[in-house]
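Have a look at the structure below before the remarks.
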Amino acid sequence: MKLERDFYERNDVVKIAQDLLGKTLVTSLNGQYTAGKITELEAYAGRDDKACHANDGLRTKRTEAMYWQGGTAYVYLCYGIHHLFNVVTNREGLADAVLIRAIEPLEGLELMQARRKKPKPDKTLSSGPGTLSAALGINTQQHYGLDLLGDTIWIEDAPAVRKSDRVVSTRIGVEYAEEDALKPWRFYLKDTKWVSKKLKEDKVM
DNA sequence: AATTAGATGTTCT
DNA sequence: GAACATCTAATTA
């Protein structure tokens, strides 16, 4: 079952991020179907979070979609090369988003390998925010601001992940955000290899 | 195994 | 011009 608008429009990105862990991210592009289980993600809040692109009401051509209604795709170009996929949450005007950082491939493996030019479906296929987007065929040109309740990109429901199977850490690559860099807003599944960076000791929250 | 360089668009200084 | 929610291949040890 496809996740509905009210799932995304809740007023708590961190809770939504936790709920999104283990769900299935699907893309159907010109009849090409690929799907993967969300194994790692991070929450970004539009207010009181210096790591967020839309912090302090910052509104640019790039961040515009973060202000749209929950259940919108926010795709942006990182380091001029990688297309990072985010799920916009909260109501229109409140710029929260969840960055999907890794997936475990479930369907369309051959297609993902072809897109990534990988002979084998090992963990480098989709364990990282840039690589998963490439594997699923997501890019800024075609998918920026897309509605996730449509039939191009959407998220399928899946059984909730137990707290004890969820690891918490600080977010990756946000050292510039000063005190907000310490926020424990990155989550990943404990028993999966499909994660960009594992902690030495898993922390559960 | 760990570190480094090179790829390069958008945004801000 | 600098920094950036990154990845890969090459280099060093």
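Residue names in the structure tokens use chain letters A, B, ... in the order shown, residue numbers from 1 in each chain, and ligand numbers from 1 in the order shown.
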(Q) Residues of chain A were defined as contacting chain C if any atom lay at most 9 Å from it, counting only C-alpha atoms (C1' of nucleotides); please report them as a list of chain:residue names. (A)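 So the residues of chain A near chain C are A:Glu42, A:Ala51, A:Cys52, A:His53, A:Cys78, A:Tyr79, A:Ile81, A:His82, A:Leu84, A:Leu99, A:Gly128, A:Pro129, A:Gly130, A:Thr131, A:Arg171, A:Ile172, A:Gly173, A:Val174.
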Hey, which bits of chain B sit within 12 Å of chain A, and for each residue what's the closest pair of atoms and how far apart in Å (one decimal), counting only C-alpha atoms (C1' of nucleotides), rows by chain and increasing number, as CSV?
residue,atom,partner,partner_atom,distance
B:DG6,C1',A:Tyr79,CA,11.9
B:DA7,C1',A:Ile81,CA,7.5
B:DT8,C1',A:Gly80,CA,4.6
B:DG9,C1',A:Gly80,CA,4.2
B:DT10,C1',A:Gly80,CA,7.6
B:DT11,C1',A:Thr60,CA,8.6
B:DC12,C1',A:Thr60,CA,11.2
Preceding selection exported with C-alpha atoms (C1' of nucleotides) as a PDB file, in the first residue's frame:
ATOM      1  C1'  DG B   6      39.622  15.001  -8.966  1.00  0.00           C
ATOM      2  C1'  DA B   7      35.033  15.337 -10.779  1.00  0.00           C
ATOM      3  C1'  DT B   8      31.879  20.011 -10.923  1.00  0.00           C
ATOM      4  C1'  DG B   9      26.516  23.008 -10.450  1.00  0.00           C
ATOM      5  C1'  DT B  10      24.340  25.966  -7.083  1.00  0.00           C
ATOM      6  C1'  DT B  11      24.537  29.189  -3.719  1.00  0.00           C
ATOM      7  C1'  DC B  12      26.586  32.578  -0.946  1.00  0.00           C
TER       8       DC B  12
END
Q | Atomic distance CA of Ala35 in chain A - CA of Leu106 in chain A, expressed in Å with one decimal | A | 5.5 Å
Q) How would you write, as a PyMOL selection string, the set of residues in chain A that DSSP gives as strand (DSSP E)? A) chain A and resi 24-29+32-44+72-78+82-89+96-107+153-156+166-169+186-189
List the spatial neighbours of range 96-98 of chain A as an mmCIF file with C-alpha atoms, in the first residue's frame - criterion: any atom at most 8 Å away, only C-alpha atoms (C1' of nucleotides), same-chain residues fewer than 4 positions off excluded.
data_model
loop_
_atom_site.group_PDB
_atom_site.id
_atom_site.type_symbol
_atom_site.label_atom_id
_atom_site.label_comp_id
_atom_site.auth_asym_id
_atom_site.auth_seq_id
_atom_site.Cartn_x
_atom_site.Cartn_y
_atom_site.Cartn_z
ATOM 1 C CA VAL A 13 10.353 15.085 10.765
ATOM 2 C CA ALA A 17 12.246 9.578 9.422
ATOM 3 C CA LEU A 41 18.201 8.150 6.259
ATOM 4 C CA GLU A 42 18.531 11.538 7.948
ATOM 5 C CA ALA A 43 16.042 14.174 9.128
ATOM 6 C CA TYR A 44 16.434 17.888 8.335
ATOM 7 C CA ALA A 45 14.230 20.542 9.917
ATOM 8 C CA GLY A 46 13.395 23.866 8.296
ATOM 9 C CA MET A 66 11.036 21.941 0.560
ATOM 10 C CA TYR A 67 8.253 24.425 1.300
ATOM 11 C CA TYR A 74 13.148 17.430 -3.093
ATOM 12 C CA ASN A 86 14.733 13.809 -0.161
ATOM 13 C CA VAL A 87 11.139 13.345 0.968
ATOM 14 C CA VAL A 88 9.494 16.648 1.898
ATOM 15 C CA THR A 89 7.399 16.459 5.066
ATOM 16 C CA ASN A 90 5.092 18.695 7.087
#
Q: Work out how far apart CA of Gly137 in chain A and CA of Lys190 in chain A are and give it in Å to one decimal.
A: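 That distance, rounded to one decimal, is 26.5 Å.
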(Q) Report, in Å to a single decimal, how far apart CA of Trp194 in chain A and CA of Lys123 in chain A are. (A)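 CA of Trp194 in chain A lies 5.7 Å from CA of Lys123 in chain A.
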Q | Pick from A:His83, A:Arg116, A:Lys50, A:Arg5 nearest to Gln69 in chain A, counting only C-alpha atoms | A | A:Arg5
**Q.** All helix (DSSP H, G or I) positions in chain A, as a PyMOL selection string
**A.** chain A and resi 5-8+13-20+55-57+64-67+109-116+123-125+129-136+140-143+163-165+175-182
